[in-house]
Amino acid sequence: MFSRLREDISCVFERDPAARSTWEVLTCYPGFHALTLHRVSHWLWGARMRWLARFVSHFTRWITGIEIHPGATIGRRVFIDHGMGVVIGETAVIEDECTLYHGVTLGGTSWNKGKRHPTLQRGVVIGAGAKILGPITLGQGAKVGSNAVVVRDVPPGATAVGIPARIIEDRSEIDREVKAGQMGFSAYAVTRAEDDPLAQAIHGLLDHAVETDRRIEVLLKTMAKSGVSLEDDVATADKFDPNYLSKIVD
């Protein structure tokens, strides 16, 4: 039991830069509390103490804002960040290393008994507000953008965005997602909204950043072939800290 607790605490530090101490995680992280109490309710559910399991689950929802059915199966080193509004259904399966943000729903689309909730394979990341509905499978390492509604399987390593969700396949969109991740957007994902001028502006900035990086790389290669050494200048430029610039702006 204590090894699992240590794992859960360490994964908080790995995925949340705001975490400062073990005591803070133990006392102030609702996602950690919800997962720890879920292990209790899940064990009670397996022991056929169904009412008590549901009561523990209900109590957990009351104190954390996270509702996890005691029948749900959750693996190791799963991280629920913020957590408010997260709902995980009875037959949902979450494998190791997955990350869920606030407002995520792993729900069903049928009243029939049996498997009716999603399966998240290892390393899946679900952005804030996303809805994953039905007995579908999200492959290993898949990502779902904020507020997306996913009703079909997502292949391993793919990124799904939009309502209803579609798989990003266009090369420019893939590059955009990579750049978004480098700039710190990957946790919540950048979704496509054709009618949202702010979203279009962000996409334009990301596209420009990708193209600028490509041109700079070509320039550096060309200058290197011409015998021009820029190692010192490049090293100085690499010291630029965008987080420091953000603090100045704030």
# chains A, B, ... in the order shown; residues from 1 in each chain; ligands from 1
call {"tool": "residues_around", "arguments": {"residues": "region 39-51 of chain A", "least_positions_apart": "4", "cutoff": "6 Å", "atoms": "only C-alpha atoms", "output": "PyMOL selection string"}}
result
chain A and resi 56+70-71
call {"tool": "write_last_selection", "arguments": {"atoms": "all heavy atoms", "output": "compact mmCIF listing (two decimals), in the first residue's frame"}}
result
# COMPACT_ATOMS: atom_id res chain seq x y z
N VAL A 56 -18.46 4.97 0.06
CA VAL A 56 -17.10 5.53 0.04
C VAL A 56 -16.91 6.39 -1.21
O VAL A 56 -16.33 7.48 -1.16
CB VAL A 56 -16.05 4.40 0.10
CG1 VAL A 56 -14.64 4.98 -0.12
CG2 VAL A 56 -16.12 3.67 1.44
N PRO A 70 -17.04 2.77 -8.05
CA PRO A 70 -16.15 1.77 -7.44
C PRO A 70 -15.82 0.59 -8.35
O PRO A 70 -14.84 -0.12 -8.12
CB PRO A 70 -16.91 1.32 -6.19
CG PRO A 70 -18.31 1.78 -6.38
CD PRO A 70 -18.26 2.99 -7.24
N GLY A 71 -16.63 0.38 -9.39
CA GLY A 71 -16.35 -0.72 -10.31
C GLY A 71 -15.29 -0.40 -11.34
O GLY A 71 -14.77 -1.30 -12.02
call {"tool": "residues_around", "arguments": {"residues": "Val87 (chain A)", "least_positions_apart": "5", "cutoff": "8 Å", "atoms": "only C-alpha atoms", "output": "list in words"}}
result
Ile66, Glu67, Ile68, Gly103, Val104, Thr105, Leu106 and Gly107 of chain A
call {"tool": "closest_atom_pairs", "arguments": {"of": "region 49-144 of chain A", "to": "region 149-171 of chain A", "cutoff": "6 Å", "atoms": "only C-alpha atoms", "output": "JSON lines"}}
result
{"residue": "A:Ala130", "atom": "CA", "partner": "A:Val149", "partner_atom": "CA", "distance": 5.9}
{"residue": "A:Lys131", "atom": "CA", "partner": "A:Val149", "partner_atom": "CA", "distance": 4.7}
{"residue": "A:Ile132", "atom": "CA", "partner": "A:Val150", "partner_atom": "CA", "distance": 4.8}
{"residue": "A:Leu133", "atom": "CA", "partner": "A:Val151", "partner_atom": "CA", "distance": 5.3}
{"residue": "A:Ile136", "atom": "CA", "partner": "A:Asp153", "partner_atom": "CA", "distance": 5.2}
{"residue": "A:Thr137", "atom": "CA", "partner": "A:Asp153", "partner_atom": "CA", "distance": 5.0}
{"residue": "A:Leu138", "atom": "CA", "partner": "A:Val154", "partner_atom": "CA", "distance": 4.7}
{"residue": "A:Gly139", "atom": "CA", "partner": "A:Pro156", "partner_atom": "CA", "distance": 3.8}
{"residue": "A:Gln140", "atom": "CA", "partner": "A:Pro156", "partner_atom": "CA", "distance": 4.6}
{"residue": "A:Gly141", "atom": "CA", "partner": "A:Gly157", "partner_atom": "CA", "distance": 4.6}
{"residue": "A:Ala142", "atom": "CA", "partner": "A:Gly157", "partner_atom": "CA", "distance": 4.3}
{"residue": "A:Lys143", "atom": "CA", "partner": "A:Thr159", "partner_atom": "CA", "distance": 4.7}
{"residue": "A:Val144", "atom": "CA", "partner": "A:Ala160", "partner_atom": "CA", "distance": 4.8}
call {"tool": "atom_distance", "arguments": {"atom1": "CA of Thr27 (chain A)", "atom2": "CA of Val125 (chain A)"}}
result
24.5 Å
call {"tool": "closest_atom_pairs", "arguments": {"of": "region 69-175 of chain A", "to": "region 8-19 of chain A", "cutoff": "9 Å", "atoms": "only C-alpha atoms", "output": "JSON lines"}}
result
{"residue": "A:Arg76", "atom": "CA", "partner": "A:Asp8", "partner_atom": "CA", "distance": 7.7}
{"residue": "A:Arg77", "atom": "CA", "partner": "A:Asp8", "partner_atom": "CA", "distance": 5.4}
{"residue": "A:Val78", "atom": "CA", "partner": "A:Asp8", "partner_atom": "CA", "distance": 7.3}
{"residue": "A:Phe79", "atom": "CA", "partner": "A:Val12", "partner_atom": "CA", "distance": 6.7}
{"residue": "A:Ile80", "atom": "CA", "partner": "A:Val12", "partner_atom": "CA", "distance": 8.8}
{"residue": "A:Asp81", "atom": "CA", "partner": "A:Asp16", "partner_atom": "CA", "distance": 7.8}
{"residue": "A:Glu97", "atom": "CA", "partner": "A:Cys11", "partner_atom": "CA", "distance": 8.5}
{"residue": "A:Thr99", "atom": "CA", "partner": "A:Arg15", "partner_atom": "CA", "distance": 8.7}
call {"tool": "write_last_selection", "arguments": {"atoms": "N, CA and C atoms", "output": "mmCIF file, in the first residue's frame"}}
result
data_model
loop_
_atom_site.group_PDB
_atom_site.id
_atom_site.type_symbol
_atom_site.label_atom_id
_atom_site.label_comp_id
_atom_site.auth_asym_id
_atom_site.auth_seq_id
_atom_site.Cartn_x
_atom_site.Cartn_y
_atom_site.Cartn_z
ATOM 1 N N ARG A 76 -1.708 2.031 -12.278
ATOM 2 C CA ARG A 76 -0.719 2.697 -11.437
ATOM 3 C C ARG A 76 -0.270 4.010 -12.072
ATOM 4 N N ARG A 77 0.182 4.926 -11.218
ATOM 5 C CA ARG A 77 0.745 6.209 -11.622
ATOM 6 C C ARG A 77 -0.212 7.001 -12.519
ATOM 7 N N VAL A 78 -1.486 6.890 -12.234
ATOM 8 C CA VAL A 78 -2.487 7.716 -12.911
ATOM 9 C C VAL A 78 -2.550 9.060 -12.182
ATOM 10 N N PHE A 79 -2.689 10.135 -12.943
ATOM 11 C CA PHE A 79 -2.697 11.480 -12.359
ATOM 12 C C PHE A 79 -3.956 12.222 -12.796
ATOM 13 N N ILE A 80 -4.718 12.716 -11.815
ATOM 14 C CA ILE A 80 -5.878 13.565 -12.086
ATOM 15 C C ILE A 80 -5.535 14.959 -11.588
ATOM 16 N N ASP A 81 -5.344 15.906 -12.518
ATOM 17 C CA ASP A 81 -4.934 17.259 -12.145
ATOM 18 C C ASP A 81 -6.155 18.148 -11.959
ATOM 19 N N GLU A 97 -0.013 5.220 -16.108
ATOM 20 C CA GLU A 97 0.612 6.441 -16.618
ATOM 21 C C GLU A 97 -0.344 7.411 -17.312
ATOM 22 N N THR A 99 -3.161 10.491 -17.755
ATOM 23 C CA THR A 99 -3.369 11.794 -17.130
ATOM 24 C C THR A 99 -4.721 12.348 -17.546
#
call {"tool": "closest_residue", "arguments": {"among": "A:His208, A:Arg214, A:Arg54, A:Arg61", "to": "His33 (chain A)", "atoms": "only C-alpha atoms"}}
result
A:Arg61
call {"tool": "select_by_dssp", "arguments": {"residues": "region 11-117 of chain A", "states": "strand (DSSP E)", "output": "list of chain:residue names"}}
result
A:Glu67, A:Ile68, A:Thr73, A:Ile74, A:Phe79, A:Ile80, A:Val87, A:Ile88, A:Val93, A:Ile94, A:Thr99, A:Leu100, A:Thr105, A:Leu106, A:Gly107
call {"tool": "closest_residue", "arguments": {"among": "A:Lys225, A:His38, A:His117, A:Arg215", "to": "Ile74 (chain A)", "atoms": "only C-alpha atoms"}}
result
A:His38
call {"tool": "closest_residue", "arguments": {"among": "A:Gly204, A:Pro135, A:Gly123, A:Gly227", "to": "Ile94 (chain A)", "atoms": "only C-alpha atoms"}}
result
A:Gly123
